[in-house]
Each structure stands twice: as structure tokens, then as C-alpha cells.
file entry07.cif (mmCIF, C-alpha atoms and all ligand atoms)
data_my_file
#
loop_
_atom_site.label_atom_id
_atom_site.label_comp_id
_atom_site.auth_asym_id
_atom_site.auth_seq_id
_atom_site.Cartn_x
_atom_site.Cartn_y
_atom_site.Cartn_z
CA MET X 1065 21.14 13.93 -18.84
CA THR X 1066 22.07 11.36 -21.52
CA GLU X 1067 19.82 8.40 -22.19
CA PRO X 1068 21.10 5.01 -21.02
CA SER X 1069 21.96 2.68 -23.92
CA THR X 1070 19.82 -0.23 -22.77
CA ARG X 1071 16.10 0.19 -22.44
CA ALA X 1072 14.68 0.13 -18.94
CA LYS X 1073 12.75 -3.00 -18.07
CA ILE X 1074 9.25 -2.37 -16.80
CA ALA X 1075 6.64 -4.63 -15.22
CA VAL X 1076 3.00 -3.53 -15.40
CA PHE X 1077 0.34 -4.79 -12.99
CA VAL X 1078 -3.27 -4.83 -14.21
CA SER X 1079 -6.64 -6.08 -13.00
CA GLY X 1080 -8.87 -5.14 -15.89
CA GLY X 1081 -9.01 -3.82 -19.42
CA GLY X 1082 -5.43 -2.65 -19.56
CA SER X 1083 -5.90 0.45 -21.71
CA ASN X 1084 -3.18 2.14 -19.65
CA LEU X 1085 -0.95 -0.86 -20.27
CA GLN X 1086 -1.66 -0.40 -23.96
CA ALA X 1087 -0.63 3.25 -23.72
CA LEU X 1088 2.69 2.13 -22.24
CA ILE X 1089 3.17 -0.55 -24.89
CA ASP X 1090 2.47 2.02 -27.61
CA ALA X 1091 4.85 4.54 -26.04
CA SER X 1092 7.53 1.89 -25.87
CA LYS X 1093 7.00 0.83 -29.47
CA SER X 1094 7.04 4.40 -30.77
CA GLY X 1095 10.31 5.11 -28.98
CA MET X 1096 8.76 7.87 -26.87
CA LEU X 1097 9.55 5.73 -23.85
CA HIS X 1098 13.10 4.46 -23.51
CA GLY X 1099 11.85 1.32 -21.85
CA GLU X 1100 10.21 -2.00 -22.63
CA ILE X 1101 7.41 -3.84 -20.93
CA VAL X 1102 8.95 -7.18 -20.05
CA LEU X 1103 6.25 -8.58 -17.78
CA VAL X 1104 2.54 -8.06 -17.19
CA ILE X 1105 1.09 -9.33 -13.93
CA SER X 1106 -2.52 -9.66 -12.95
CA ASN X 1107 -4.41 -10.87 -9.91
CA THR X 1108 -7.00 -12.38 -12.23
CA SER X 1109 -6.69 -14.51 -15.33
CA LYS X 1110 -9.75 -12.72 -16.70
CA ALA X 1111 -8.02 -9.36 -17.12
CA TYR X 1112 -8.09 -8.27 -20.75
CA GLY X 1113 -4.74 -6.63 -20.07
CA LEU X 1114 -3.23 -10.13 -20.21
CA VAL X 1115 -4.58 -10.59 -23.72
CA ARG X 1116 -3.08 -7.28 -24.75
CA ALA X 1117 0.27 -8.45 -23.39
CA GLU X 1118 0.09 -11.81 -25.14
CA LYS X 1119 -0.67 -10.09 -28.46
CA GLU X 1120 2.64 -8.26 -28.04
CA ASN X 1121 4.54 -11.38 -26.93
CA ILE X 1122 5.05 -9.92 -23.48
CA ASN X 1123 5.45 -12.41 -20.62
CA THR X 1124 2.46 -12.66 -18.32
CA PHE X 1125 2.01 -13.93 -14.80
CA VAL X 1126 -1.19 -14.43 -12.81
CA TYR X 1127 -0.51 -13.76 -9.15
CA LYS X 1128 -3.05 -15.05 -6.64
CA VAL X 1129 -1.96 -15.13 -3.01
CA LYS X 1130 -4.51 -17.84 -2.24
CA ASN X 1131 -2.68 -20.27 -4.53
CA TYR X 1132 0.27 -20.40 -2.12
CA ASP X 1133 0.67 -22.00 1.30
CA SER X 1134 1.42 -18.64 2.90
CA PRO X 1135 1.52 -14.94 2.00
CA ASP X 1136 5.31 -15.02 2.40
CA LEU X 1137 5.68 -17.78 -0.17
CA ALA X 1138 3.40 -15.81 -2.47
CA SER X 1139 5.40 -12.60 -2.22
CA ASP X 1140 8.70 -14.50 -2.58
CA ASP X 1141 7.43 -16.03 -5.80
CA LEU X 1142 6.25 -12.67 -7.09
CA PHE X 1143 9.65 -11.23 -6.30
CA SER X 1144 11.41 -14.03 -8.12
CA GLN X 1145 9.23 -13.43 -11.19
CA LEU X 1146 10.30 -9.78 -11.20
CA ARG X 1147 13.95 -10.76 -10.78
CA LYS X 1148 13.75 -13.42 -13.48
CA HIS X 1149 12.81 -10.69 -15.95
CA ASP X 1150 15.31 -8.16 -14.56
CA VAL X 1151 12.51 -5.74 -13.80
CA GLU X 1152 13.72 -2.27 -12.79
CA TYR X 1153 10.47 -0.29 -12.70
CA ILE X 1154 6.91 -1.18 -11.83
CA ALA X 1155 3.71 0.54 -12.97
CA LEU X 1156 0.40 -0.27 -11.36
CA ALA X 1157 -2.12 0.45 -14.09
CA GLY X 1158 -5.59 -0.35 -12.83
CA TYR X 1159 -4.29 -2.93 -10.34
CA LEU X 1160 -6.71 -3.40 -7.47
CA LYS X 1161 -4.50 -5.07 -4.86
CA LEU X 1162 -1.80 -3.83 -2.53
CA LEU X 1163 1.72 -4.93 -3.41
CA PRO X 1164 3.58 -7.09 -0.86
CA GLN X 1165 5.87 -5.17 1.48
CA ASN X 1166 9.06 -6.83 0.26
CA ILE X 1167 8.39 -5.54 -3.23
CA VAL X 1168 7.43 -2.03 -2.14
CA LYS X 1169 10.69 -1.85 -0.16
CA ALA X 1170 12.94 -3.32 -2.84
CA PHE X 1171 11.57 -1.05 -5.57
CA LYS X 1172 11.22 2.11 -3.49
CA GLY X 1173 11.07 5.12 -5.79
CA LYS X 1174 10.58 2.86 -8.78
CA ILE X 1175 6.96 1.86 -8.37
CA ILE X 1176 4.17 4.14 -9.48
CA ASN X 1177 0.41 3.94 -9.57
CA ILE X 1178 -2.15 5.75 -11.65
CA HIS X 1179 -5.29 6.90 -9.89
CA PRO X 1180 -8.27 8.32 -11.80
CA ALA X 1181 -8.88 11.38 -9.58
CA LEU X 1182 -6.99 14.29 -8.12
CA LEU X 1183 -5.48 12.85 -4.95
CA PRO X 1184 -5.40 13.29 -2.00
CA LYS X 1185 -9.17 13.52 -2.45
CA TYR X 1186 -11.10 10.46 -3.65
CA GLY X 1187 -8.42 7.93 -2.73
CA GLY X 1188 -7.99 5.06 -0.28
CA LYS X 1189 -9.30 1.54 0.07
CA GLY X 1190 -12.38 0.89 -2.04
CA MET X 1191 -11.79 3.99 -4.14
CA TYR X 1192 -11.15 2.52 -7.54
CA GLY X 1193 -12.74 2.54 -10.97
CA MET X 1194 -16.30 3.84 -11.11
CA ASN X 1195 -16.46 4.26 -7.31
CA VAL X 1196 -14.04 7.14 -7.73
CA HIS X 1197 -15.94 8.77 -10.59
CA LYS X 1198 -19.28 8.40 -8.79
CA ALA X 1199 -17.85 10.14 -5.71
CA VAL X 1200 -16.45 12.94 -7.85
CA PHE X 1201 -19.77 13.29 -9.70
CA GLN X 1202 -21.72 13.45 -6.44
CA SER X 1203 -19.38 16.09 -5.07
CA SER X 1204 -20.29 18.41 -7.97
CA SER X 1205 -16.58 19.13 -8.53
CA LYS X 1206 -15.84 21.08 -11.65
CA VAL X 1207 -12.49 19.38 -12.17
CA SER X 1208 -11.14 15.87 -11.96
CA GLY X 1209 -8.17 14.19 -13.56
CA PRO X 1210 -5.53 11.52 -13.14
CA THR X 1211 -2.81 11.41 -10.50
CA VAL X 1212 0.40 9.44 -10.84
CA HIS X 1213 2.11 8.81 -7.53
CA PHE X 1214 4.82 6.69 -5.96
CA VAL X 1215 3.59 3.56 -4.27
CA ASP X 1216 4.06 3.03 -0.56
CA GLU X 1217 2.51 0.43 1.73
CA TYR X 1218 -0.96 1.99 1.74
CA TYR X 1219 -3.61 2.81 -0.85
CA ASP X 1220 -3.01 6.05 -2.77
CA THR X 1221 -0.82 7.83 -0.19
CA GLY X 1222 2.65 7.82 -1.83
CA GLY X 1223 4.24 11.06 -3.08
CA ILE X 1224 2.36 12.66 -5.93
CA ILE X 1225 4.45 12.99 -9.09
CA ALA X 1226 2.03 14.48 -11.61
CA GLN X 1227 -1.62 15.37 -12.05
CA GLN X 1228 -3.67 16.59 -14.97
CA CYS X 1229 -6.82 18.63 -14.48
CA VAL X 1230 -9.81 17.86 -16.67
CA ASP X 1231 -12.82 20.17 -16.95
CA ILE X 1232 -15.92 18.22 -15.92
CA SER X 1233 -18.19 21.19 -15.39
CA SER X 1234 -20.56 20.11 -18.12
CA VAL X 1235 -20.67 16.33 -17.65
CA ASN X 1236 -23.93 14.51 -16.98
CA SER X 1237 -22.70 11.20 -15.55
CA PRO X 1238 -19.81 9.47 -13.77
CA GLU X 1239 -19.23 7.54 -17.00
CA GLU X 1240 -18.53 10.77 -18.84
CA ILE X 1241 -15.99 11.71 -16.18
CA ALA X 1242 -14.35 8.30 -16.52
CA GLU X 1243 -14.03 8.72 -20.26
CA LYS X 1244 -12.49 12.18 -20.02
CA VAL X 1245 -10.06 11.18 -17.26
CA LEU X 1246 -8.99 7.95 -18.96
CA LYS X 1247 -7.97 9.88 -22.07
CA GLU X 1248 -5.57 11.89 -19.93
CA GLU X 1249 -4.35 8.81 -18.05
CA HIS X 1250 -3.07 7.44 -21.33
CA LYS X 1251 -0.83 10.49 -21.72
CA ILE X 1252 0.32 11.13 -18.18
CA LEU X 1253 1.34 7.56 -17.33
CA PRO X 1254 3.89 7.14 -20.16
CA TYR X 1255 5.08 10.70 -19.50
CA VAL X 1256 5.84 9.98 -15.84
CA ILE X 1257 7.57 6.67 -16.51
CA LYS X 1258 9.67 8.35 -19.16
CA LYS X 1259 10.69 11.04 -16.67
CA ILE X 1260 11.54 8.49 -13.99
CA ILE X 1261 13.67 6.43 -16.38
CA GLU X 1262 15.48 9.60 -17.42
CA GLY X 1263 16.23 10.35 -13.76
CA LYS X 1264 14.15 13.52 -13.93
CA VAL X 1265 11.87 12.77 -11.02
CA ILE X 1266 13.56 13.91 -7.85
CA ARG X 1267 12.26 12.93 -4.42
CA THR X 1268 13.09 14.81 -1.27
CA ASP X 1269 11.67 14.07 2.19
CA ASN X 1270 8.52 16.02 1.64
CA ARG X 1271 8.12 16.65 -2.06
CA VAL X 1272 8.58 15.33 -5.56
CA VAL X 1273 9.92 17.47 -8.38
CA VAL X 1274 9.72 16.64 -12.09
CA LEU X 1275 12.48 18.27 -14.11
CA GLU X 1276 11.98 19.52 -17.66
C1 LIG W 1301 -8.09 3.47 -14.79
O1 LIG W 1301 -9.02 4.51 -14.66
C2 LIG W 1301 -7.10 3.51 -13.67
O2 LIG W 1301 -6.75 4.79 -13.26
C3 LIG W 1301 -7.92 2.86 -12.59
O3 LIG W 1301 -8.58 1.81 -13.24
C4 LIG W 1301 -8.76 2.13 -14.61
C5 LIG W 1301 -8.08 1.04 -15.38
O4 LIG W 1301 -8.19 1.21 -16.73
N1 LIG W 1301 -7.13 2.57 -11.45
P1 LIG W 1301 -7.38 0.25 -17.71
O5 LIG W 1301 -7.44 -1.15 -17.14
O6 LIG W 1301 -5.98 0.77 -17.80
O7 LIG W 1301 -8.13 0.35 -19.01
#
call {"tool": "encode", "arguments": {"input": "entry07.cif", "output": "C-alpha cells", "more": "lines below"}}
Ligand code: GRF
result
Amino acid sequence: MTEPSTRAKIAVFVSGGGSNLQALIDASKSGMLHGEIVLVISNTSKAYGLVRAEKENINTFVYKVKNYDSPDLASDDLFSQLRKHDVEYIALAGYLKLLPQNIVKAFKGKIINIHPALLPKYGGKGMYGMNVHKAVFQSSSKVSGPTVHFVDEYYDTGGIIAQQCVDISSVNSPEEIAEKVLKEEHKILPYVIKKIIEGKVIRTDNRVVVLE
């Protein structure tokens, strides 16, 4: 498949440090990713991910539903922000909120999330950040690793696109698991977005295939 001449426009949603956002920015700058981050959105103005975006002159938007008169007005405004920047793909990279339905529907097959464990285990509401790694640690699993999946209307249930196993058999803390998994997140997230942009992620009714 030949690469499109214009670079795909990507919005990234963050709630925290944004190291995954940084991995995407770096992949875009190096040319590994035939796409550009045109908008970074956060549910909190305190997210360091916003600072990372500003350093790169990427547009930012803080989206708080409570600042609007109704959830519908909030999601309409979010949608218009995405349209204003011609966003084609969305990556949730450490974003702790559910996306509004209108956006999930409009971007079906073009929104992905990164989760720091091997779904379908250790997912769902409340399973984010260190909560995930603590649960994995307590389970005495010998492997963990990131999952990138399509986003649907629930937490962590969309079709799984890619996973990377990480050996955690000798770790002594959830923090050590987090560190090992995060390193792999920074590789798998740009990889999956690249594949989606190239049209190499194929969805059927019950499975997702990533082509070489
Ligand atoms: C990552 O582990 C991500 O998978 C999880 O939250 C963490 C965010 O890290 N959902 P960062 O903000 O990208 O540094």
C-alpha cells in the first residue's frame, strides 16, 4: 500500500505526564509515523502532557464537562474542536475519562487507547495507572505488558489490536512493573497508529488483524 501524500492528523487525549504523547511526537518528528499531532486534549489543566504539547507548538484544549450547561453542549464543543483541526485519528494516551458517544461513533475504527496490562484481564472502570500494576503484582503473574485496542463506549472492551508481553517474574514492586510496561508502551503505541494510518489494521466482526 502506498503512503498518502499528506500526513494524517492525530489528536491525543491525556490526563497526566504524557510520556506516551511524547513517544508519538517523537515518532512523528522522526518520520517513523506518517502523521502529525495537531491537537492535545486533557480533562485537567494540570496534565504535564499539555506542557509537552506547548513546547512543540501543538494546539491544546482543556475539556471539562462541568464547564458547560449540559453534557450535550460539552460533547458538541469537543467535536467542533476536533473538526476545527481536521482530526482524523484519536489516541487516548493515559486519558482517564470516557469519550462522549458522538465522538466514539463518528471516529469508529479510528480511536485507540493504550492500557498498561494484558487485556481482557486487569481492565474496566477504576483500572488505570498504578491500580492496574498493583492488581497484576498481587496476582503473582509472570507476565504483563501493554495493550492497544479500539475504543468503544465502555472502558477497555474494544477490539484488541496489539499487545506486548513483558517478563515480570523477577520484579519486587508494582512500580517496577509500571516502569517495564511503560517502556514498551512507548514503542507499541506509535507502531499501532502507524499501522492504522497505513490501512494495515483490518477489523472484521470478531477480530482485528494487523498486516505486515
Ligand atoms: C500509561 O501507563 C498508560 O497506559 C496509562 O496511564 C499511563 C500514562 O502514562 N493509561 P503517560 O501519561 O503517557 O506518561
call {"tool": "residues_around", "arguments": {"input": "entry07.cif", "residues": "Val1129 in chain X", "least_positions_apart": "5", "cutoff": "8 Å", "atoms": "all atoms listed in the file", "output": "number ranges by chain"}}
result
X: 1134-1135, 1138-1139
call {"tool": "residues_near_ligand", "arguments": {"input": "entry07.cif", "ligand": "ligand LIG 1301 (chain W)", "cutoff": "9 Å", "atoms": "all atoms listed in the file", "output": "PyMOL selection string"}}
result
chain X and resi 1078-1087+1111-1113+1156-1160+1177-1181+1191-1194+1196+1210-1212+1242-1243+1245-1246+1249-1250
call {"tool": "closest_residue", "arguments": {"input": "entry07.cif", "among": "X:Val1168, X:Ile1225, X:Leu1114, X:Ile1176", "to": "Arg1271 in chain X", "atoms": "all atoms listed in the file"}}
result
X:Ile1225
call {"tool": "closest_residue", "arguments": {"input": "entry07.cif", "among": "X:Ala1072, X:Val1215, X:Ala1199, X:Leu1103", "to": "Lys1148 in chain X", "atoms": "all atoms listed in the file"}}
result
X:Leu1103
call {"tool": "atom_distance", "arguments": {"input": "entry07.cif", "atom1": "CA of Arg1116 in chain X", "atom2": "CA of Tyr1153 in chain X"}}
result
19.4 Å
call {"tool": "residues_around", "arguments": {"input": "entry07.cif", "residues": "range 1182-1188 of chain X", "least_positions_apart": "2", "cutoff": "10 Å", "atoms": "only C-alpha atoms", "output": "PyMOL selection string"}}
result
chain X and resi 1179-1180+1190-1192+1195-1200+1207-1213+1218-1224+1226-1230
call {"tool": "atom_distance", "arguments": {"input": "entry07.cif", "atom1": "CA of Gly1099 in chain X", "atom2": "CA of Arg1071 in chain X"}}
result
4.4 Å
call {"tool": "residues_around", "arguments": {"input": "entry07.cif", "residues": "Ile1105 in chain X", "least_positions_apart": "2", "cutoff": "8 Å", "atoms": "only C-alpha atoms", "output": "PDB file with C-alpha atoms, in the frame of the given file"}}
result
ATOM      1  CA  ALA X1075       6.640  -4.630 -15.220  1.00  0.00           C
ATOM      2  CA  VAL X1076       3.000  -3.530 -15.400  1.00  0.00           C
ATOM      3  CA  PHE X1077       0.340  -4.790 -12.990  1.00  0.00           C
ATOM      4  CA  VAL X1078      -3.270  -4.830 -14.210  1.00  0.00           C
ATOM      5  CA  LEU X1103       6.250  -8.580 -17.780  1.00  0.00           C
ATOM      6  CA  ASN X1107      -4.410 -10.870  -9.910  1.00  0.00           C
ATOM      7  CA  LEU X1114      -3.230 -10.130 -20.210  1.00  0.00           C
ATOM      8  CA  THR X1124       2.460 -12.660 -18.320  1.00  0.00           C
ATOM      9  CA  PHE X1125       2.010 -13.930 -14.800  1.00  0.00           C
ATOM     10  CA  VAL X1126      -1.190 -14.430 -12.810  1.00  0.00           C
ATOM     11  CA  TYR X1127      -0.510 -13.760  -9.150  1.00  0.00           C
TER      12      TYR X1127
END
call {"tool": "residues_around", "arguments": {"input": "entry07.cif", "residues": "Leu1088 in chain X", "least_positions_apart": "6", "cutoff": "10 Å", "atoms": "all atoms listed in the file", "output": "ChimeraX atom specification"}}
result
/X:1074,1076,1082,1094,1096-1097,1099-1101,1155,1157,1250-1251,1253-1255,1257-1258
call {"tool": "atom_distance", "arguments": {"input": "entry07.cif", "atom1": "CA of Val1115 in chain X", "atom2": "CA of Asp1090 in chain X"}}
result
15.0 Å
call {"tool": "closest_residue", "arguments": {"input": "entry07.cif", "among": "X:Ala1091, X:Arg1147, X:Thr1070, X:Ser1234", "to": "Ile1252 in chain X", "atoms": "only C-alpha atoms"}}
result
X:Ala1091
call {"tool": "axis_aligned_box", "arguments": {"input": "entry07.cif", "around": "range 1100-1109 of chain X", "padding_each_side": "5 Å", "output": "JSON"}}
result
{"center_x": 1.6, "center_y": -8.3, "center_z": -16.3, "size_x": 27.2, "size_y": 22.5, "size_z": 22.7}
call {"tool": "closest_residue", "arguments": {"input": "entry07.cif", "among": "X:Ile1266, X:Leu1142, X:Leu1163, X:Leu1275", "to": "Glu1217 in chain X", "atoms": "all atoms listed in the file"}}
result
X:Leu1163
call {"tool": "closest_residue", "arguments": {"input": "entry07.cif", "among": "X:Glu1239, X:Lys1093, X:Lys1161, X:Val1274", "to": "Thr1108 in chain X", "atoms": "only C-alpha atoms"}}
result
X:Lys1161
call {"tool": "closest_residue", "arguments": {"input": "entry07.cif", "among": "X:Gly1173, X:Ser1237, X:Ser1203, X:Ser1092", "to": "Arg1267 in chain X", "atoms": "all atoms listed in the file"}}
result
X:Gly1173
call {"tool": "residues_around", "arguments": {"input": "entry07.cif", "residues": "Asp1150 in chain X", "least_positions_apart": "5", "cutoff": "9 Å", "atoms": "all atoms listed in the file", "output": "tab-separated table (two decimals) with C-alpha atoms, in the frame of the given file"}}
result
chain	number	residue	atom	x	y	z
X	1073	LYS	CA	12.75	-3.00	-18.07
X	1074	ILE	CA	9.25	-2.37	-16.80
X	1102	VAL	CA	8.95	-7.18	-20.05
X	1145	GLN	CA	9.23	-13.43	-11.19
call {"tool": "build_atoms", "arguments": {"input": "entry07.cif", "residues": "range 1070-1083 of chain X", "atoms": "N, CA, C and O atoms", "output": "short mmCIF file (atom, residue, chain, number, x, y, z; two decimals), in the coordinates of the input"}}
result
data_model
loop_
_atom_site.label_atom_id
_atom_site.label_comp_id
_atom_site.auth_asym_id
_atom_site.auth_seq_id
_atom_site.Cartn_x
_atom_site.Cartn_y
_atom_site.Cartn_z
N THR X 1070 20.81 0.85 -22.77
CA THR X 1070 19.82 -0.23 -22.77
C THR X 1070 18.48 0.32 -22.30
O THR X 1070 18.43 1.25 -21.51
N ARG X 1071 17.43 -0.31 -22.80
CA ARG X 1071 16.10 0.19 -22.44
C ARG X 1071 15.70 -0.35 -21.06
O ARG X 1071 15.95 -1.51 -20.73
N ALA X 1072 15.08 0.52 -20.29
CA ALA X 1072 14.68 0.13 -18.94
C ALA X 1072 13.61 -0.96 -19.01
O ALA X 1072 12.75 -0.95 -19.88
N LYS X 1073 13.69 -1.89 -18.07
CA LYS X 1073 12.75 -3.00 -18.07
C LYS X 1073 11.62 -2.71 -17.06
O LYS X 1073 11.88 -2.46 -15.88
N ILE X 1074 10.41 -2.79 -17.58
CA ILE X 1074 9.25 -2.37 -16.80
C ILE X 1074 8.28 -3.54 -16.64
O ILE X 1074 7.99 -4.25 -17.62
N ALA X 1075 7.75 -3.70 -15.43
CA ALA X 1075 6.64 -4.63 -15.22
C ALA X 1075 5.38 -3.80 -14.99
O ALA X 1075 5.43 -2.78 -14.32
N VAL X 1076 4.27 -4.24 -15.57
CA VAL X 1076 3.00 -3.53 -15.40
C VAL X 1076 2.01 -4.49 -14.74
O VAL X 1076 1.86 -5.63 -15.18
N PHE X 1077 1.36 -4.00 -13.69
CA PHE X 1077 0.34 -4.79 -12.99
C PHE X 1077 -1.04 -4.28 -13.42
O PHE X 1077 -1.28 -3.06 -13.40
N VAL X 1078 -1.93 -5.21 -13.77
CA VAL X 1078 -3.27 -4.83 -14.21
C VAL X 1078 -4.31 -5.74 -13.54
O VAL X 1078 -3.99 -6.86 -13.15
N SER X 1079 -5.54 -5.23 -13.47
CA SER X 1079 -6.64 -6.08 -13.00
C SER X 1079 -7.77 -6.12 -14.00
O SER X 1079 -8.71 -6.89 -13.85
N GLY X 1080 -7.72 -5.25 -15.00
CA GLY X 1080 -8.87 -5.14 -15.89
C GLY X 1080 -8.49 -4.98 -17.35
O GLY X 1080 -7.63 -5.69 -17.87
N GLY X 1081 -9.12 -3.99 -17.97
CA GLY X 1081 -9.01 -3.82 -19.42
C GLY X 1081 -7.62 -3.54 -19.95
O GLY X 1081 -7.29 -3.87 -21.08
N GLY X 1082 -6.82 -2.86 -19.16
CA GLY X 1082 -5.43 -2.65 -19.56
C GLY X 1082 -5.23 -1.58 -20.63
O GLY X 1082 -4.24 -1.62 -21.36
N SER X 1083 -6.14 -0.60 -20.70
CA SER X 1083 -5.90 0.45 -21.71
C SER X 1083 -4.68 1.29 -21.34
O SER X 1083 -3.97 1.78 -22.23
#
